[in-house]
$ cat structure-v9.txt   # compact mmCIF, C-alpha atoms
# COMPACT_ATOMS: atom_id res chain seq x y z
CA MET A 1 -21.04 -27.24 -1.50
CA LYS A 2 -18.08 -27.23 -3.83
CA LYS A 3 -15.32 -25.03 -2.50
CA PHE A 4 -11.71 -24.25 -3.09
CA LEU A 5 -9.31 -25.30 -0.39
CA THR A 6 -8.65 -22.76 2.33
CA LEU A 7 -7.28 -19.62 0.73
CA SER A 8 -4.98 -18.55 3.54
CA ILE A 9 -1.52 -17.55 2.38
CA VAL A 10 1.32 -19.69 3.67
CA PHE A 11 4.71 -19.13 2.12
CA LEU A 12 6.63 -22.37 2.42
CA PHE A 13 9.62 -23.76 0.59
CA THR A 14 8.86 -27.44 0.20
CA ILE A 15 10.59 -30.45 -1.23
CA GLY A 16 9.43 -29.12 -4.56
CA MET A 17 12.57 -26.99 -4.60
CA VAL A 18 14.61 -30.13 -4.71
CA TYR A 19 12.51 -31.30 -7.59
CA ALA A 20 12.86 -27.94 -9.29
CA SER A 21 16.65 -28.09 -9.33
CA GLY A 22 16.48 -31.07 -11.60
CA ASN A 23 13.55 -29.93 -13.72
CA ALA A 24 13.35 -26.16 -13.96
CA ASP A 25 16.33 -25.46 -16.17
CA SER A 26 15.69 -28.05 -18.83
CA GLY A 27 16.51 -26.43 -22.12
CA SER A 28 13.46 -27.70 -23.98
CA SER A 29 9.73 -27.78 -23.45
CA GLY A 30 9.77 -31.44 -24.40
CA THR A 31 7.47 -30.92 -27.38
CA SER A 32 7.84 -32.09 -30.92
CA GLU A 33 7.15 -30.29 -34.18
CA LYS A 34 3.40 -29.99 -34.74
CA ASP A 35 2.18 -28.39 -37.91
CA ASN A 36 -1.33 -27.07 -38.37
CA VAL A 37 -2.09 -26.88 -34.63
CA THR A 38 -3.40 -23.54 -33.40
CA LEU A 39 -4.39 -23.02 -29.78
CA THR A 40 -7.11 -20.47 -29.10
CA PHE A 41 -6.36 -18.43 -25.98
CA ILE A 42 -8.51 -15.62 -24.55
CA GLY A 43 -7.81 -13.28 -21.68
CA SER A 44 -8.85 -9.91 -20.33
CA GLN A 45 -7.06 -6.81 -21.59
CA ASN A 46 -5.66 -5.91 -18.19
CA TRP A 47 -4.16 -9.40 -17.80
CA LEU A 48 -2.30 -9.71 -21.11
CA ASN A 49 0.37 -7.55 -22.74
CA LYS A 50 0.13 -5.08 -19.88
CA GLY A 51 2.66 -2.43 -20.88
CA THR A 52 4.86 -5.11 -22.39
CA THR A 53 4.88 -7.59 -25.26
CA VAL A 54 6.23 -10.44 -23.15
CA ASP A 55 3.14 -12.66 -23.62
CA SER A 56 3.32 -12.26 -27.38
CA ASP A 57 7.09 -12.72 -27.33
CA LEU A 58 6.80 -15.98 -25.42
CA ASN A 59 4.04 -17.19 -27.74
CA LYS A 60 6.29 -16.52 -30.73
CA LYS A 61 9.19 -18.36 -29.07
CA PHE A 62 6.92 -21.33 -28.35
CA THR A 63 5.81 -21.48 -31.98
CA GLU A 64 9.42 -21.33 -33.16
CA GLU A 65 10.33 -24.26 -30.92
CA THR A 66 7.29 -26.45 -31.51
CA GLY A 67 5.40 -25.33 -34.59
CA ILE A 68 2.27 -24.91 -32.45
CA LYS A 69 0.63 -21.53 -33.00
CA ILE A 70 -1.14 -19.43 -30.37
CA ASP A 71 -4.19 -17.39 -31.35
CA MET A 72 -4.26 -14.99 -28.39
CA GLN A 73 -7.45 -12.94 -28.23
CA VAL A 74 -7.40 -9.96 -25.88
CA ILE A 75 -10.89 -8.96 -24.67
CA PRO A 76 -11.78 -5.57 -23.10
CA ASP A 77 -11.91 -5.86 -19.30
CA ASP A 78 -15.58 -4.98 -18.92
CA GLN A 79 -16.62 -7.50 -21.59
CA TYR A 80 -14.40 -10.45 -20.75
CA SER A 81 -16.62 -12.33 -18.30
CA ASN A 82 -19.65 -12.14 -20.60
CA VAL A 83 -17.60 -13.11 -23.66
CA LEU A 84 -16.19 -16.18 -21.91
CA LYS A 85 -19.58 -17.25 -20.58
CA THR A 86 -21.13 -16.80 -24.02
CA LYS A 87 -18.45 -18.99 -25.59
CA MET A 88 -19.08 -21.66 -22.98
CA VAL A 89 -22.83 -21.66 -23.56
CA SER A 90 -22.41 -21.74 -27.35
CA GLY A 91 -19.89 -24.56 -27.24
CA GLU A 92 -17.11 -22.42 -28.73
CA ILE A 93 -14.83 -22.92 -25.75
CA PRO A 94 -11.24 -21.78 -26.32
CA ASP A 95 -8.39 -24.19 -25.67
CA ILE A 96 -7.05 -21.82 -23.00
CA PHE A 97 -8.87 -19.13 -21.03
CA MET A 98 -8.03 -17.01 -18.01
CA VAL A 99 -9.99 -16.71 -14.77
CA GLY A 100 -9.39 -15.41 -11.27
CA ALA A 101 -7.94 -17.89 -8.80
CA GLY A 102 -9.71 -19.02 -5.65
CA ALA A 103 -13.45 -18.93 -5.18
CA GLY A 104 -13.84 -16.52 -8.09
CA ALA A 105 -13.21 -19.34 -10.57
CA LEU A 106 -16.28 -21.30 -9.51
CA LYS A 107 -18.65 -19.19 -11.59
CA TYR A 108 -17.04 -20.75 -14.67
CA PHE A 109 -17.97 -24.32 -13.59
CA PRO A 110 -14.64 -26.15 -13.09
CA ASP A 111 -16.28 -29.60 -13.20
CA GLU A 112 -17.53 -29.01 -16.70
CA TYR A 113 -14.72 -27.02 -18.28
CA PHE A 114 -11.40 -27.20 -16.36
CA ALA A 115 -8.77 -29.84 -17.14
CA ASP A 116 -7.02 -31.60 -14.25
CA LEU A 117 -3.38 -30.46 -14.27
CA SER A 118 -2.37 -32.09 -10.99
CA ASP A 119 0.21 -34.41 -12.55
CA GLU A 120 2.08 -31.71 -14.49
CA ALA A 121 5.73 -31.41 -13.45
CA TRP A 122 5.56 -27.66 -12.76
CA VAL A 123 2.98 -28.17 -9.99
CA TYR A 124 5.80 -29.30 -7.69
CA ARG A 125 7.48 -25.91 -8.08
CA TYR A 126 4.43 -23.86 -7.10
CA GLN A 127 4.50 -21.55 -4.12
CA GLN A 128 1.99 -22.82 -1.57
CA TYR A 129 -0.44 -19.95 -2.25
CA ALA A 130 -0.34 -20.69 -5.98
CA LYS A 131 -1.16 -24.34 -5.44
CA GLN A 132 -3.98 -23.50 -3.03
CA GLY A 133 -5.44 -20.80 -5.28
CA THR A 134 -5.55 -23.11 -8.31
CA THR A 135 -6.86 -26.17 -6.47
CA TYR A 136 -10.47 -27.30 -6.69
CA GLN A 137 -11.68 -30.51 -5.05
CA ASP A 138 -8.09 -31.64 -4.48
CA LYS A 139 -7.15 -31.12 -8.14
CA VAL A 140 -4.86 -28.44 -9.55
CA MET A 141 -6.86 -26.86 -12.35
CA GLY A 142 -4.93 -23.74 -13.25
CA PHE A 143 -1.52 -22.62 -14.48
CA MET A 144 -0.56 -19.45 -12.63
CA THR A 145 2.28 -17.04 -13.28
CA TRP A 146 0.83 -14.30 -11.11
CA SER A 147 1.74 -13.03 -7.67
CA VAL A 148 -0.05 -12.61 -4.37
CA ASP A 149 -1.03 -8.97 -4.35
CA GLY A 150 -3.54 -6.80 -2.61
CA TRP A 151 -5.32 -3.48 -2.88
CA GLY A 152 -5.04 -0.42 -0.71
CA ILE A 153 -4.73 3.35 -0.91
CA LEU A 154 -1.39 4.02 -2.60
CA TYR A 155 -0.19 7.48 -1.64
CA ASN A 156 2.46 9.93 -2.78
CA THR A 157 4.71 10.22 0.28
CA GLU A 158 6.27 13.48 -0.90
CA MET A 159 2.88 15.18 -1.21
CA PHE A 160 1.85 13.93 2.23
CA GLU A 161 5.04 15.31 3.73
CA GLU A 162 4.54 18.64 1.97
CA TYR A 163 1.19 19.05 3.74
CA ASN A 164 2.39 17.53 7.03
CA LEU A 165 -0.04 14.63 6.72
CA THR A 166 0.17 11.04 7.93
CA PRO A 167 -1.77 8.06 6.55
CA PRO A 168 -5.25 7.97 8.16
CA ARG A 169 -6.42 5.12 10.36
CA THR A 170 -10.07 6.18 10.67
CA PHE A 171 -12.71 7.69 8.41
CA GLU A 172 -12.52 10.97 10.33
CA GLU A 173 -8.76 11.13 9.79
CA PHE A 174 -9.31 10.28 6.12
CA LYS A 175 -11.67 13.24 5.78
CA VAL A 176 -9.06 15.55 7.34
CA VAL A 177 -6.47 14.39 4.80
CA CYS A 178 -8.87 14.80 1.88
CA ASP A 179 -10.12 18.20 3.09
CA THR A 180 -6.54 19.44 3.34
CA PHE A 181 -5.75 18.57 -0.27
CA GLN A 182 -9.14 19.72 -1.50
CA ALA A 183 -8.66 23.13 0.14
CA ASP A 184 -5.63 23.63 -2.09
CA GLY A 185 -7.50 22.66 -5.27
CA ILE A 186 -6.14 19.11 -5.39
CA VAL A 187 -8.39 16.09 -6.07
CA PRO A 188 -7.51 13.87 -3.09
CA VAL A 189 -8.23 10.45 -4.59
CA HIS A 190 -8.14 9.67 -8.30
CA MET A 191 -11.14 7.46 -9.03
CA LEU A 192 -11.23 5.22 -12.11
CA GLY A 193 -15.00 5.27 -12.07
CA LYS A 194 -15.66 4.53 -15.73
CA GLU A 195 -14.71 0.93 -14.98
CA ALA A 196 -17.67 -0.68 -13.19
CA TRP A 197 -15.52 -3.50 -11.84
CA TYR A 198 -13.28 -0.96 -10.10
CA TRP A 199 -16.14 0.11 -7.78
CA GLY A 200 -16.58 -3.57 -6.95
CA ILE A 201 -12.89 -3.78 -6.07
CA TRP A 202 -13.37 -1.01 -3.49
CA PHE A 203 -16.13 -2.92 -1.75
CA SER A 204 -14.29 -6.24 -2.00
CA GLN A 205 -11.62 -4.96 0.39
CA PHE A 206 -13.98 -4.93 3.39
CA GLY A 207 -14.47 -8.69 3.44
CA PRO A 208 -11.46 -9.41 5.69
CA LEU A 209 -12.63 -6.85 8.25
CA ALA A 210 -16.15 -8.29 8.31
CA ASN A 211 -14.81 -11.84 8.48
CA ALA A 212 -12.69 -10.88 11.48
CA ALA A 213 -15.62 -9.13 13.18
CA GLU A 214 -17.94 -12.11 12.66
CA ALA A 215 -16.04 -15.36 12.83
CA GLY A 216 -16.93 -17.69 9.97
CA LEU A 217 -18.74 -15.07 7.89
CA TYR A 218 -17.08 -16.19 4.65
CA ASP A 219 -18.15 -19.79 5.31
CA LYS A 220 -21.71 -18.67 6.04
CA LEU A 221 -21.89 -16.58 2.86
CA ASN A 222 -20.41 -19.44 0.84
CA SER A 223 -22.97 -21.90 2.17
CA ASN A 224 -25.87 -19.49 1.57
CA LYS A 225 -26.49 -19.15 5.32
CA ALA A 226 -25.80 -15.41 5.58
CA ARG A 227 -26.76 -12.25 3.69
CA PHE A 228 -24.74 -9.16 2.88
CA ALA A 229 -27.65 -6.95 3.88
CA ASP A 230 -27.46 -8.31 7.44
CA VAL A 231 -23.82 -7.22 7.90
CA LYS A 232 -23.94 -3.74 9.41
CA LEU A 233 -20.25 -3.18 8.74
CA PHE A 234 -20.86 -3.45 4.98
CA GLU A 235 -23.59 -0.83 5.17
CA THR A 236 -21.28 1.48 7.13
CA ALA A 237 -18.47 1.06 4.61
CA LEU A 238 -20.78 1.86 1.68
CA SER A 239 -22.24 4.85 3.51
CA GLN A 240 -18.81 6.32 4.11
CA PHE A 241 -17.86 5.54 0.51
CA LYS A 242 -20.91 7.50 -0.63
CA GLU A 243 -20.11 10.37 1.75
CA SER A 244 -16.61 10.57 0.29
CA TYR A 245 -18.06 10.78 -3.21
CA ASP A 246 -20.56 13.47 -2.17
CA ASN A 247 -17.77 15.46 -0.52
CA GLY A 248 -15.95 15.58 -3.84
CA TYR A 249 -12.95 13.59 -2.62
CA PHE A 250 -12.86 11.67 -5.93
CA GLY A 251 -13.22 14.74 -8.12
CA SER A 252 -15.88 15.83 -10.58
CA ASP A 253 -14.80 13.24 -13.17
CA ALA A 254 -14.98 10.28 -10.81
CA LEU A 255 -17.53 8.40 -12.96
CA SER A 256 -15.81 9.03 -16.28
CA ASN A 257 -12.11 8.43 -15.59
CA ALA A 258 -10.84 5.39 -17.49
CA TRP A 259 -8.20 2.98 -16.23
CA ASP A 260 -5.19 4.53 -17.98
CA SER A 261 -5.91 7.96 -16.51
CA GLY A 262 -4.54 6.77 -13.18
CA TYR A 263 -0.96 6.69 -14.42
CA GLU A 264 -0.98 10.34 -15.40
CA ALA A 265 -2.89 11.53 -12.33
CA MET A 266 -0.44 9.86 -9.98
CA GLY A 267 2.69 10.19 -12.10
CA THR A 268 2.30 13.95 -12.50
CA GLY A 269 1.23 14.61 -8.91
CA THR A 270 -2.27 15.70 -9.94
CA SER A 271 -3.67 13.50 -7.18
CA PRO A 272 -1.89 12.14 -4.11
CA MET A 273 -3.91 8.94 -3.65
CA ILE A 274 -5.44 6.08 -5.62
CA LEU A 275 -6.87 2.67 -4.77
CA MET A 276 -4.45 0.19 -6.32
CA TYR A 277 -2.64 -3.11 -5.94
CA GLN A 278 0.74 -2.91 -4.24
CA SER A 279 2.82 -3.38 -7.40
CA TYR A 280 1.11 -0.54 -9.30
CA GLN A 281 3.81 1.87 -8.17
CA THR A 282 6.35 0.07 -10.34
CA GLU A 283 4.16 0.71 -13.38
CA VAL A 284 3.90 4.42 -12.58
CA ALA A 285 7.66 4.60 -11.99
CA ALA A 286 8.29 3.09 -15.41
CA LYS A 287 6.01 5.60 -17.14
CA TYR A 288 7.01 8.62 -15.04
CA PRO A 289 10.63 8.14 -13.85
CA ASP A 290 10.72 11.56 -12.18
CA SER A 291 7.72 10.75 -9.97
CA GLU A 292 9.80 8.64 -7.56
CA ALA A 293 6.76 6.37 -7.41
CA ASP A 294 8.91 3.50 -6.18
CA LYS A 295 9.08 5.32 -2.80
CA TRP A 296 5.31 5.61 -2.31
CA LYS A 297 3.53 3.75 0.46
CA MET A 298 0.11 2.27 1.12
CA PHE A 299 -2.61 2.02 3.77
CA PRO A 300 -5.96 0.12 3.83
CA ILE A 301 -9.19 1.94 2.94
CA PRO A 302 -10.07 3.40 6.37
CA PHE A 303 -13.87 3.12 6.05
CA ALA A 304 -15.72 1.32 8.86
CA GLY A 305 -12.52 1.12 10.90
CA ASN A 306 -10.74 -1.08 8.36
CA ASN A 307 -7.19 -1.97 9.43
CA ILE A 308 -6.61 -5.26 7.59
CA TYR A 309 -4.59 -5.94 4.45
CA SER A 310 -6.86 -7.66 1.94
CA HIS A 311 -5.10 -9.69 -0.71
CA SER A 312 -5.74 -12.03 -3.60
CA ALA A 313 -5.54 -15.81 -3.74
CA GLY A 314 -2.75 -15.47 -6.27
CA GLY A 315 -4.45 -13.41 -8.94
CA ILE A 316 -5.15 -14.84 -12.38
CA MET A 317 -4.63 -18.32 -13.78
CA ARG A 318 -4.73 -19.94 -17.21
CA VAL A 319 -7.14 -22.84 -17.58
CA ALA A 320 -7.01 -25.66 -20.11
CA TYR A 321 -10.40 -26.68 -21.52
CA LYS A 322 -10.74 -30.31 -20.47
CA ASP A 323 -12.41 -31.49 -23.70
CA SER A 324 -10.08 -29.62 -26.04
CA GLU A 325 -8.87 -31.65 -29.01
CA ASN A 326 -5.52 -29.97 -28.44
CA LEU A 327 -5.16 -30.68 -24.73
CA ASP A 328 -1.73 -32.26 -25.12
CA SER A 329 -0.52 -29.17 -26.94
CA VAL A 330 -1.96 -26.93 -24.23
CA LYS A 331 -0.06 -28.90 -21.60
CA ALA A 332 3.09 -28.56 -23.71
CA TYR A 333 2.50 -24.80 -23.80
CA PHE A 334 2.13 -24.62 -20.01
CA ASP A 335 5.27 -26.74 -19.65
CA PHE A 336 7.12 -24.30 -21.90
CA LEU A 337 5.93 -21.26 -19.93
CA SER A 338 6.99 -22.93 -16.67
CA ARG A 339 10.63 -23.25 -17.70
CA THR A 340 12.80 -21.12 -15.46
CA ASP A 341 14.30 -19.17 -18.35
CA ASN A 342 10.84 -18.25 -19.60
CA LEU A 343 9.53 -17.43 -16.14
CA GLU A 344 12.48 -15.14 -15.50
CA LEU A 345 11.81 -13.37 -18.81
CA PHE A 346 8.13 -13.06 -17.96
CA TYR A 347 8.65 -11.59 -14.49
CA SER A 348 11.47 -9.30 -15.63
CA GLU A 349 8.97 -7.65 -17.99
CA ARG A 350 5.90 -7.89 -15.77
CA THR A 351 7.19 -5.63 -13.02
CA ASP A 352 3.61 -5.28 -11.77
CA ILE A 353 3.65 -8.86 -10.43
CA GLN A 354 7.22 -9.34 -9.28
CA ALA A 355 6.44 -9.01 -5.58
CA ASN A 356 5.92 -12.72 -4.92
CA PRO A 357 6.06 -14.93 -8.03
CA ALA A 358 4.06 -18.14 -8.17
CA PHE A 359 7.11 -20.39 -8.51
CA ILE A 360 9.66 -21.09 -5.80
CA ASP A 361 12.66 -20.81 -8.11
CA VAL A 362 11.98 -17.21 -9.21
CA ALA A 363 13.27 -14.40 -7.02
CA ALA A 364 10.73 -12.01 -5.49
CA VAL A 365 11.03 -8.22 -5.80
CA PRO A 366 9.02 -6.69 -2.92
CA THR A 367 7.54 -3.21 -3.31
CA GLU A 368 7.62 -0.35 -0.82
CA ALA A 369 3.81 -0.32 -0.90
CA GLY A 370 3.59 -3.96 0.09
CA LYS A 371 6.12 -3.60 2.90
CA SER A 372 4.47 -0.47 4.28
CA MET A 373 0.99 -2.06 4.13
CA SER A 374 2.22 -5.01 6.16
CA GLU A 375 3.75 -2.68 8.74
CA PHE A 376 0.66 -0.45 8.86
CA THR A 377 -1.69 -3.38 9.48
CA GLU A 378 0.76 -5.10 11.85
CA GLY A 379 0.63 -8.21 9.71
CA LYS A 380 -3.17 -8.61 9.84
CA SER A 381 -4.40 -9.92 6.50
CA ASP A 382 -7.03 -12.07 4.81
CA VAL A 383 -8.36 -12.84 1.35
CA GLU A 384 -10.57 -10.15 -0.19
CA MET A 385 -14.12 -11.01 -1.23
CA GLU A 386 -13.32 -11.30 -4.92
CA TYR A 387 -11.26 -14.41 -4.14
CA GLY A 388 -12.90 -15.61 -0.93
CA ILE A 389 -16.63 -15.36 -1.66
CA LEU A 390 -18.52 -17.62 -4.04
CA TYR A 391 -20.24 -15.95 -7.00
CA TRP A 392 -18.63 -12.59 -6.44
CA ASP A 393 -18.93 -10.33 -9.50
CA ASN A 394 -16.95 -7.08 -9.37
CA THR A 395 -18.54 -5.70 -12.53
CA LEU A 396 -22.16 -6.37 -11.56
CA PHE A 397 -21.74 -5.34 -7.95
CA GLY A 398 -19.73 -2.33 -9.09
CA LYS A 399 -22.69 -1.18 -11.18
CA TYR A 400 -24.87 -1.26 -8.09
CA ILE A 401 -22.32 0.95 -6.33
CA GLN A 402 -22.23 3.35 -9.28
CA GLU A 403 -26.00 3.64 -8.84
CA LEU A 404 -25.40 4.37 -5.16
CA MET A 405 -23.17 7.28 -6.10
CA LEU A 406 -25.85 8.57 -8.46
CA ASP A 407 -28.52 8.43 -5.72
CA MET A 408 -30.32 5.63 -7.52
CA LYS A 409 -29.78 3.20 -4.62
CA THR A 410 -29.12 3.35 -0.91
CA PRO A 411 -26.33 1.32 0.74
CA ILE A 412 -28.79 -1.26 2.02
CA GLN A 413 -30.37 -1.57 -1.44
CA VAL A 414 -26.93 -2.26 -2.93
CA LEU A 415 -26.45 -5.08 -0.44
CA GLU A 416 -29.92 -6.45 -1.11
CA GLU A 417 -29.23 -6.53 -4.85
CA ILE A 418 -25.99 -8.42 -4.24
CA ASP A 419 -27.92 -10.93 -2.13
CA LYS A 420 -30.61 -11.38 -4.79
CA ASN A 421 -27.98 -12.05 -7.45
CA ARG A 422 -26.14 -14.63 -5.38
CA VAL A 423 -29.31 -16.39 -4.20
CA LYS A 424 -30.35 -16.90 -7.83
CA ILE A 425 -27.04 -18.60 -8.55
CA PHE A 426 -27.27 -20.82 -5.47
CA LYS A 427 -30.79 -21.90 -6.45
CA ALA A 428 -29.80 -22.56 -10.06
CA ILE A 429 -26.92 -24.77 -8.98
CA GLU A 430 -29.01 -26.65 -6.43
CA GLU A 431 -31.57 -27.43 -9.15

$ encode --input "structure-v9.txt" --output "C-alpha cells"
Amino acid sequence: MKKFLTLSIVFLFTIGMVYASGNADSGSSGTSEKDNVTLTFIGSQNWLNKGTTVDSDLNKKFTEETGIKIDMQVIPDDQYSNVLKTKMVSGEIPDIFMVGAGAGALKYFPDEYFADLSDEAWVYRYQQYAKQGTTYQDKVMGFMTWSVDGWGILYNTEMFEEYNLTPPRTFEEFKVVCDTFQADGIVPVHMLGKEAWYWGIWFSQFGPLANAAEAGLYDKLNSNKARFADVKLFETALSQFKESYDNGYFGSDALSNAWDSGYEAMGTGTSPMILMYQSYQTEVAAKYPDSEADKWKMFPIPFAGNNIYSHSAGGIMRVAYKDSENLDSVKAYFDFLSRTDNLELFYSERTDIQANPAFIDVAAVPTEAGKSMSEFTEGKSDVEMEYGILYWDNTLFGKYIQELMLDMKTPIQVLEEIDKNRVKIFKAIEE
C-alpha cells in the first residue's frame, strides 16, 4: 500500500535554518529570459486569489523577471476535482496543478503525474509538517505555501457573553446553546450547505476522535481492513448532525447558503457560530472591522463526545507535472515563489494562512481561534480524515450527507455508501 509518511505535526527548527540564511534572501530566482514559454496552472477558486490579488501579482512579477508567462486558470470549488481528473485522463495535464497535501493527494496518482522536487533548494527551509505533508514514498512532490490549520466551531464571544453562554463540551450542552439563541429568533449556526464539500468537512472532523477510540483505525481504513459502517462513533456523530438539522439549528436556508454568505452572517452578528478553519476570523475582521472578529474563539464540534482538535496536513500544495515540457521553468517558478521577499508578500496578503507558514524563515501570526482551540482540547489533536484517510472525497461524501438531511438516507446508509466508493477504488488500484 502506497502511503504518505506519518502525518503527525512536529514543529522543529532544523539545520535548514542555517541553510536558509544563505539562500532565502537571494535577490533573483536564478532564471534567465525565456520568451514564448507559458506555464498552465490550475487551482480551485477557494485556493487562489482569495480576497487578494497576491497570486496574480506574484505571477506578473515572475514574468517581468524571467519572461515566462503564467496562464492561471481558476476553477469553481465544486468542479475542480472533476476538471483536474478529466484533464489527466485526456492527456491535457497542466504544467502546475494544486491538490490537498497528505493522503488526499493519492487520488491523483503521484507515481504517474507528480514530479520529484526533493532536490530543490527550498525543501531545506520547509517546516517539518510541510515536508511530511508533501512527501510520498520518501520524495518531496509538492510546493506548499500553506499553513497547518484546522476546523472547529468559531463563535462570537460577545454574543455568547450576552446570553451568559459558555462553549459546549457535549451534544446536550450544544443543544442548550442553540435553543437559547433560537428562542430569541437567532439562527445558531450558519450552514454553508449549498457547497457539498462543506458537509464532508463536517464529517471529516470526527476522524481524530474515532482514531483515538480505536487505536490504529486510520491504518486499518487505509489498508482496506476496516469499514466506516462498523464504527459506531461515526453513526452517532451523523445522527446528532441530523438531529441538529431537524431542530433548525442551521436555519431554514441551510441547504442553499453559498460560501460567501458566511462572512455577512458572522460579520453582522446574524449568527453566532459557524464551522470554519481557525484563520477564518481574520477574513471576517478584514471585511467587517466593527465585528471584532479577531477576538472570537473556537471549540470542536461536540457531537459524539468530540474533544479533539482536528487539523490538516498542511493544506494545499502545488504540483509540477513530471512529464511537462516546461518542467525546468516550473521549478524556476517554485524557486521564485520560495524567495523570502516573495513569501513575506504572499503571507502578508493571505491573512487566512498566516498562523503557521510552511517555511521556517517566515514569522507566524497565531489567531485567537487557534490558541483557544488548543486550550479547549488541552493540546489533544490529530489529522482530520480529509488528510489522513486514503480516497477521501469531501464533495462526494458531502452529497451523501445532504441526502441524509433530506431524509433520503439514514446515517448507516451514508457510511455504507462511503465504504462502497472506497472499496471500488481499492479494487481498481489492486487490478

$ residues_around --input "structure-v9.txt" --residues "range 85-90 of chain A" --least-positions-apart "6" --cutoff "12 Å" --atoms "all atoms listed in the file" --output "list in words"
Thr40, Ile42, Gln79, Phe97, Met98, Val99, Lys107, Tyr108, Phe109, Pro110, Glu112, Tyr113, Phe114, Tyr321 and Asp323 of chain A

$ write_last_selection --input "structure-v9.txt" --atoms "C-alpha atoms" --output "PDB file, in the coordinates of the input"
ATOM      1  CA  THR A  40      -7.110 -20.470 -29.100  1.00  0.00           C
ATOM      2  CA  ILE A  42      -8.510 -15.620 -24.550  1.00  0.00           C
ATOM      3  CA  GLN A  79     -16.620  -7.500 -21.590  1.00  0.00           C
ATOM      4  CA  PHE A  97      -8.870 -19.130 -21.030  1.00  0.00           C
ATOM      5  CA  MET A  98      -8.030 -17.010 -18.010  1.00  0.00           C
ATOM      6  CA  VAL A  99      -9.990 -16.710 -14.770  1.00  0.00           C
ATOM      7  CA  LYS A 107     -18.650 -19.190 -11.590  1.00  0.00           C
ATOM      8  CA  TYR A 108     -17.040 -20.750 -14.670  1.00  0.00           C
ATOM      9  CA  PHE A 109     -17.970 -24.320 -13.590  1.00  0.00           C
ATOM     10  CA  PRO A 110     -14.640 -26.150 -13.090  1.00  0.00           C
ATOM     11  CA  GLU A 112     -17.530 -29.010 -16.700  1.00  0.00           C
ATOM     12  CA  TYR A 113     -14.720 -27.020 -18.280  1.00  0.00           C
ATOM     13  CA  PHE A 114     -11.400 -27.200 -16.360  1.00  0.00           C
ATOM     14  CA  TYR A 321     -10.400 -26.680 -21.520  1.00  0.00           C
ATOM     15  CA  ASP A 323     -12.410 -31.490 -23.700  1.00  0.00           C
TER      16      ASP A 323
END

$ residues_around --input "structure-v9.txt" --residues "Gln45 in chain A" --least-positions-apart "2" --cutoff "12 Å" --atoms "only C-alpha atoms" --output "compact mmCIF listing (two decimals) with C-alpha atoms, keeping the file's coordinate frame"
# COMPACT_ATOMS: atom_id res chain seq x y z
CA ILE A 42 -8.51 -15.62 -24.55
CA GLY A 43 -7.81 -13.28 -21.68
CA TRP A 47 -4.16 -9.40 -17.80
CA LEU A 48 -2.30 -9.71 -21.11
CA ASN A 49 0.37 -7.55 -22.74
CA LYS A 50 0.13 -5.08 -19.88
CA GLY A 51 2.66 -2.43 -20.88
CA ASP A 55 3.14 -12.66 -23.62
CA MET A 72 -4.26 -14.99 -28.39
CA GLN A 73 -7.45 -12.94 -28.23
CA VAL A 74 -7.40 -9.96 -25.88
CA ILE A 75 -10.89 -8.96 -24.67
CA PRO A 76 -11.78 -5.57 -23.10
CA ASP A 77 -11.91 -5.86 -19.30
CA ASP A 78 -15.58 -4.98 -18.92
CA GLN A 79 -16.62 -7.50 -21.59
CA TYR A 80 -14.40 -10.45 -20.75
CA SER A 81 -16.62 -12.33 -18.30
CA MET A 98 -8.03 -17.01 -18.01
CA TRP A 259 -8.20 2.98 -16.23

$ atom_distance --input "structure-v9.txt" --atom1 "CA of Tyr245 in chain A" --atom2 "CA of Tyr198 in chain A"
14.4 Å

$ closest_residue --input "structure-v9.txt" --among "A:Gly193, A:Pro302, A:Pro208, A:Gly315" --to "Asp260 in chain A" --atoms "all atoms listed in the file"
A:Gly193

$ closest_residue --input "structure-v9.txt" --among "A:Pro168, A:Gly248, A:Gly150, A:Gly200" --to "Ile353 in chain A" --atoms "all atoms listed in the file"
A:Gly150

$ closest_residue --input "structure-v9.txt" --among "A:Thr377, A:Gly267, A:Glu235, A:Ser310" --to "Gln413 in chain A" --atoms "all atoms listed in the file"
A:Glu235

$ closest_residue --input "structure-v9.txt" --among "A:Thr145, A:Ser381, A:Ser56, A:Thr134" --to "Leu337 in chain A" --atoms "all atoms listed in the file"
A:Thr145

$ axis_aligned_box --input "structure-v9.txt" --around "range 252-258 of chain A" --padding-each-side "8 Å" --output "lines of an AutoDock Vina configuration file"
center_x = -14.2
center_y = 10.6
center_z = -14.0
size_x = 22.7
size_y = 26.4
size_z = 22.9

$ residues_around --input "structure-v9.txt" --residues "Leu192 in chain A" --least-positions-apart "5" --cutoff "12 Å" --atoms "all atoms listed in the file" --output "CSV table (one decimal) with C-alpha atoms, in the coordinates of the input"
chain,number,residue,atom,x,y,z
A,197,TRP,CA,-15.5,-3.5,-11.8
A,198,TYR,CA,-13.3,-1.0,-10.1
A,199,TRP,CA,-16.1,0.1,-7.8
A,200,GLY,CA,-16.6,-3.6,-7.0
A,201,ILE,CA,-12.9,-3.8,-6.1
A,202,TRP,CA,-13.4,-1.0,-3.5
A,250,PHE,CA,-12.9,11.7,-5.9
A,251,GLY,CA,-13.2,14.7,-8.1
A,252,SER,CA,-15.9,15.8,-10.6
A,253,ASP,CA,-14.8,13.2,-13.2
A,254,ALA,CA,-15.0,10.3,-10.8
A,255,LEU,CA,-17.5,8.4,-13.0
A,256,SER,CA,-15.8,9.0,-16.3
A,257,ASN,CA,-12.1,8.4,-15.6
A,258,ALA,CA,-10.8,5.4,-17.5
A,259,TRP,CA,-8.2,3.0,-16.2
A,260,ASP,CA,-5.2,4.5,-18.0
A,261,SER,CA,-5.9,8.0,-16.5
A,262,GLY,CA,-4.5,6.8,-13.2
A,263,TYR,CA,-1.0,6.7,-14.4
A,264,GLU,CA,-1.0,10.3,-15.4
A,265,ALA,CA,-2.9,11.5,-12.3
A,266,MET,CA,-0.4,9.9,-10.0
A,273,MET,CA,-3.9,8.9,-3.6
A,274,ILE,CA,-5.4,6.1,-5.6
A,275,LEU,CA,-6.9,2.7,-4.8
A,276,MET,CA,-4.4,0.2,-6.3
A,398,GLY,CA,-19.7,-2.3,-9.1
A,402,GLN,CA,-22.2,3.4,-9.3

$ atom_distance --input "structure-v9.txt" --atom1 "CA of Val383 in chain A" --atom2 "CA of Phe426 in chain A"
21.6 Å

$ closest_residue --input "structure-v9.txt" --among "A:His311, A:Lys409, A:Lys297, A:Lys322" --to "Leu154 in chain A" --atoms "only C-alpha atoms"
A:Lys297
